[in-house]
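S.K.: File follows, target27.txt with compact mmCIF, C-alpha atoms:
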# COMPACT_ATOMS: atom_id res chain seq x y z
CA ARG Y 1 108.06 99.32 92.60
CA THR Y 2 104.57 99.10 91.24
CA LEU Y 3 104.54 102.75 90.24
CA GLN Y 4 107.88 102.37 88.50
CA LEU Y 5 106.54 99.44 86.47
CA LYS Y 6 103.47 101.48 85.56
CA GLN Y 7 105.67 104.31 84.27
CA TRP Y 8 107.66 101.94 82.08
CA LYS Y 9 104.33 100.64 80.63
CA ARG Y 10 105.49 98.08 78.04
CA GLY Y 11 107.19 94.75 78.49
CA THR Y 12 110.04 95.70 76.17
CA THR Y 13 110.72 98.87 78.14
CA ILE Y 14 110.57 96.99 81.44
CA TYR Y 15 113.02 94.41 80.12
CA ARG Y 16 115.45 97.05 78.83
CA GLU Y 17 115.32 99.15 82.01
CA LEU Y 18 115.77 96.18 84.33
CA LEU Y 19 118.82 95.03 82.38
CA GLY Y 20 120.15 98.58 82.56
CA LEU Y 21 119.77 98.53 86.33
CA GLY Y 22 121.82 95.35 86.55
CA ALA Y 23 119.10 92.73 86.81
CA ALA Y 24 119.85 89.20 85.75
CA PRO Y 25 118.35 88.37 82.33
CA GLN Y 26 116.24 85.63 83.96
CA VAL Y 27 114.64 88.15 86.32
CA ALA Y 28 113.95 90.62 83.50
CA ARG Y 29 112.45 87.83 81.36
CA ARG Y 30 110.19 86.75 84.22
CA VAL Y 31 108.86 90.26 84.91
CA ALA Y 32 108.54 91.75 81.41
CA PRO Y 33 105.85 89.45 79.94
CA ASN Y 34 103.52 90.27 82.84
CA SER Y 35 103.80 94.00 82.26
CA ARG Y 36 100.18 94.72 83.20
CA ARG Y 37 100.29 92.76 86.46
CA TRP Y 38 101.99 95.52 88.42
CA TRP Y 39 101.14 94.43 91.95
CA ARG Y 40 102.08 90.85 91.27
CA ASN Y 41 105.42 91.84 89.75
CA SER Y 42 106.25 94.42 92.40
CA GLY Y 43 107.30 91.77 94.90
CA LYS Y 44 109.80 88.92 94.90
CA ALA Y 45 111.97 89.32 91.79
CA LEU Y 46 112.01 93.11 91.73
CA ASN Y 47 113.15 93.41 95.34
CA SER Y 48 116.65 92.43 94.25
CA VAL Y 49 116.76 95.07 91.50
CA LEU Y 50 114.70 98.00 92.75
CA THR Y 51 116.09 98.08 96.29
CA ILE Y 52 115.45 100.64 99.01
CA ALA Y 53 118.92 102.06 98.35
CA TRP Y 54 117.92 102.71 94.72
CA PHE Y 55 114.88 104.69 95.85
CA ASP Y 56 117.07 106.61 98.34
CA ARG Y 57 119.41 107.60 95.49
CA LEU Y 58 116.38 108.94 93.61
CA GLY Y 59 115.61 111.13 96.62
CA LEU Y 60 112.18 109.64 97.30
CA PRO Y 61 110.92 109.91 100.89
CA ARG Y 62 110.33 106.71 102.84
CA LEU Y 63 106.74 106.00 103.79
CA SER Y 64 107.52 103.81 106.75
I'd like the structure from this file rewritten - as structure tokens, please.
M.R.:
Amino acid sequence: RTLQLKQWKRGTTIYRELLGLGAAPQVARRVAPNSRRWWRNSGKALNSVLTIAWFDRLGLPRLS
């Protein structure tokens, strides 16, 4: 999740992409302003949007 936020870089991009993935506007608004606090944002709110199933669909290997 952290690496995905780092790739999106800007708060506006993070907001747009999260809405595109089906996130609630409140979640996207909470994460986007803190765009440079990747580790802090990678927990809690993003777990409901960037789920393990989403990473499986991307074809990424599991590390655990």
S.K.: For region 23-38 of chain Y, work out the shell of residues within 7 Å, counting all atoms listed in the file and skipping chain neighbours fewer than 5 positions away, then give it as an MDAnalysis selection string.
M.R.: chainID Y and resid 2 5:6 9:12 14:15 18 45 49
S.K.: Could you tell me how far CA of Gly20 (chain Y) lies from CA of Phe55 (chain Y), in Å and to one decimal?
M.R.: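 Result for CA of Gly20 (chain Y) versus CA of Phe55 (chain Y): 15.5 Å, one decimal.
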S.K.: Have a look at CA of Trp39 (chain Y) and CA of Thr13 (chain Y) and let me know their distance in Å, one decimal.
M.R.: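 Pair CA of Trp39 (chain Y) / CA of Thr13 (chain Y) returns 17.4 Å.
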S.K.: Record the distance separating CA of Ser48 (chain Y) and CA of Arg16 (chain Y), expressed in Å with one decimal.
M.R.: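 A separation of 16.1 Å between them.
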S.K.: Which is closer to Leu3 (chain Y) than all the others in Y:Ser64, Y:Ala53, Y:Ser42, Y:Leu58, using only C-alpha atoms?
M.R.: Y:Ser42
S.K.: Can you take chain Y from the block and write C-alpha atoms as a PDB file, in the first residue's frame?
M.R.:
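Output (decode03.pdb):
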ATOM      1  CA  ARG Y   1       0.000   0.000   0.000  1.00  0.00           C
ATOM      2  CA  THR Y   2       2.832   2.329   0.806  1.00  0.00           C
ATOM      3  CA  LEU Y   3       4.538   1.700  -2.512  1.00  0.00           C
ATOM      4  CA  GLN Y   4       1.298   2.331  -4.370  1.00  0.00           C
ATOM      5  CA  LEU Y   5       0.891   5.680  -2.615  1.00  0.00           C
ATOM      6  CA  LYS Y   6       4.474   6.572  -3.484  1.00  0.00           C
ATOM      7  CA  GLN Y   7       3.807   5.842  -7.166  1.00  0.00           C
ATOM      8  CA  TRP Y   8       0.754   8.090  -7.200  1.00  0.00           C
ATOM      9  CA  LYS Y   9       2.911  10.885  -5.663  1.00  0.00           C
ATOM     10  CA  ARG Y  10       0.454  13.805  -5.423  1.00  0.00           C
ATOM     11  CA  GLY Y  11      -2.595  14.262  -3.270  1.00  0.00           C
ATOM     12  CA  THR Y  12      -4.819  14.989  -6.255  1.00  0.00           C
ATOM     13  CA  THR Y  13      -3.716  11.788  -7.974  1.00  0.00           C
ATOM     14  CA  ILE Y  14      -4.222   9.774  -4.788  1.00  0.00           C
ATOM     15  CA  TYR Y  15      -7.711  11.211  -4.390  1.00  0.00           C
ATOM     16  CA  ARG Y  16      -8.664  10.489  -8.010  1.00  0.00           C
ATOM     17  CA  GLU Y  17      -7.279   6.940  -7.982  1.00  0.00           C
ATOM     18  CA  LEU Y  18      -8.917   6.028  -4.681  1.00  0.00           C
ATOM     19  CA  LEU Y  19     -12.286   7.234  -5.935  1.00  0.00           C
ATOM     20  CA  GLY Y  20     -11.725   5.215  -9.097  1.00  0.00           C
ATOM     21  CA  LEU Y  21     -11.108   2.117  -7.008  1.00  0.00           C
ATOM     22  CA  GLY Y  22     -14.409   2.600  -5.220  1.00  0.00           C
ATOM     23  CA  ALA Y  23     -13.274   4.289  -2.022  1.00  0.00           C
ATOM     24  CA  ALA Y  24     -15.719   6.416  -0.107  1.00  0.00           C
ATOM     25  CA  PRO Y  25     -15.089  10.149  -0.615  1.00  0.00           C
ATOM     26  CA  GLN Y  26     -14.438  10.520   3.122  1.00  0.00           C
ATOM     27  CA  VAL Y  27     -11.629   7.955   2.973  1.00  0.00           C
ATOM     28  CA  ALA Y  28     -10.070   9.573  -0.097  1.00  0.00           C
ATOM     29  CA  ARG Y  29     -10.287  13.015   1.545  1.00  0.00           C
ATOM     30  CA  ARG Y  30      -8.598  11.697   4.687  1.00  0.00           C
ATOM     31  CA  VAL Y  31      -5.689  10.071   2.826  1.00  0.00           C
ATOM     32  CA  ALA Y  32      -4.983  12.571   0.023  1.00  0.00           C
ATOM     33  CA  PRO Y  33      -3.861  15.603   2.085  1.00  0.00           C
ATOM     34  CA  ASN Y  34      -1.195  13.490   3.797  1.00  0.00           C
ATOM     35  CA  SER Y  35       0.314  12.374   0.506  1.00  0.00           C
ATOM     36  CA  ARG Y  36       3.893  12.377   1.805  1.00  0.00           C
ATOM     37  CA  ARG Y  37       3.116  10.348   4.933  1.00  0.00           C
ATOM     38  CA  TRP Y  38       3.128   7.014   3.135  1.00  0.00           C
ATOM     39  CA  TRP Y  39       3.638   4.687   6.088  1.00  0.00           C
ATOM     40  CA  ARG Y  40       1.029   6.451   8.165  1.00  0.00           C
ATOM     41  CA  ASN Y  41      -1.530   6.327   5.350  1.00  0.00           C
ATOM     42  CA  SER Y  42      -0.791   2.735   4.381  1.00  0.00           C
ATOM     43  CA  GLY Y  43      -2.780   1.354   7.293  1.00  0.00           C
ATOM     44  CA  LYS Y  44      -6.339   1.754   8.557  1.00  0.00           C
ATOM     45  CA  ALA Y  45      -8.291   3.598   5.851  1.00  0.00           C
ATOM     46  CA  LEU Y  46      -6.508   2.078   2.869  1.00  0.00           C
ATOM     47  CA  ASN Y  47      -7.060  -1.495   4.024  1.00  0.00           C
ATOM     48  CA  SER Y  48     -10.673  -1.233   2.907  1.00  0.00           C
ATOM     49  CA  VAL Y  49      -9.718   0.016  -0.571  1.00  0.00           C
ATOM     50  CA  LEU Y  50      -6.414  -1.631  -1.432  1.00  0.00           C
ATOM     51  CA  THR Y  51      -7.291  -5.122  -0.231  1.00  0.00           C
ATOM     52  CA  ILE Y  52      -5.279  -8.315  -0.595  1.00  0.00           C
ATOM     53  CA  ALA Y  53      -7.677  -9.397  -3.349  1.00  0.00           C
ATOM     54  CA  TRP Y  54      -6.792  -6.238  -5.300  1.00  0.00           C
ATOM     55  CA  PHE Y  55      -3.088  -7.090  -5.112  1.00  0.00           C
ATOM     56  CA  ASP Y  56      -3.874 -10.680  -6.169  1.00  0.00           C
ATOM     57  CA  ARG Y  57      -5.669  -9.356  -9.269  1.00  0.00           C
ATOM     58  CA  LEU Y  58      -2.535  -7.363 -10.108  1.00  0.00           C
ATOM     59  CA  GLY Y  59      -0.561 -10.610  -9.983  1.00  0.00           C
ATOM     60  CA  LEU Y  60       1.773  -9.529  -7.189  1.00  0.00           C
ATOM     61  CA  PRO Y  61       3.287 -12.338  -5.098  1.00  0.00           C
ATOM     62  CA  ARG Y  62       2.425 -12.518  -1.414  1.00  0.00           C
ATOM     63  CA  LEU Y  63       5.292 -11.940   0.977  1.00  0.00           C
ATOM     64  CA  SER Y  64       3.799 -13.828   3.885  1.00  0.00           C
TER      65      SER Y  64
END
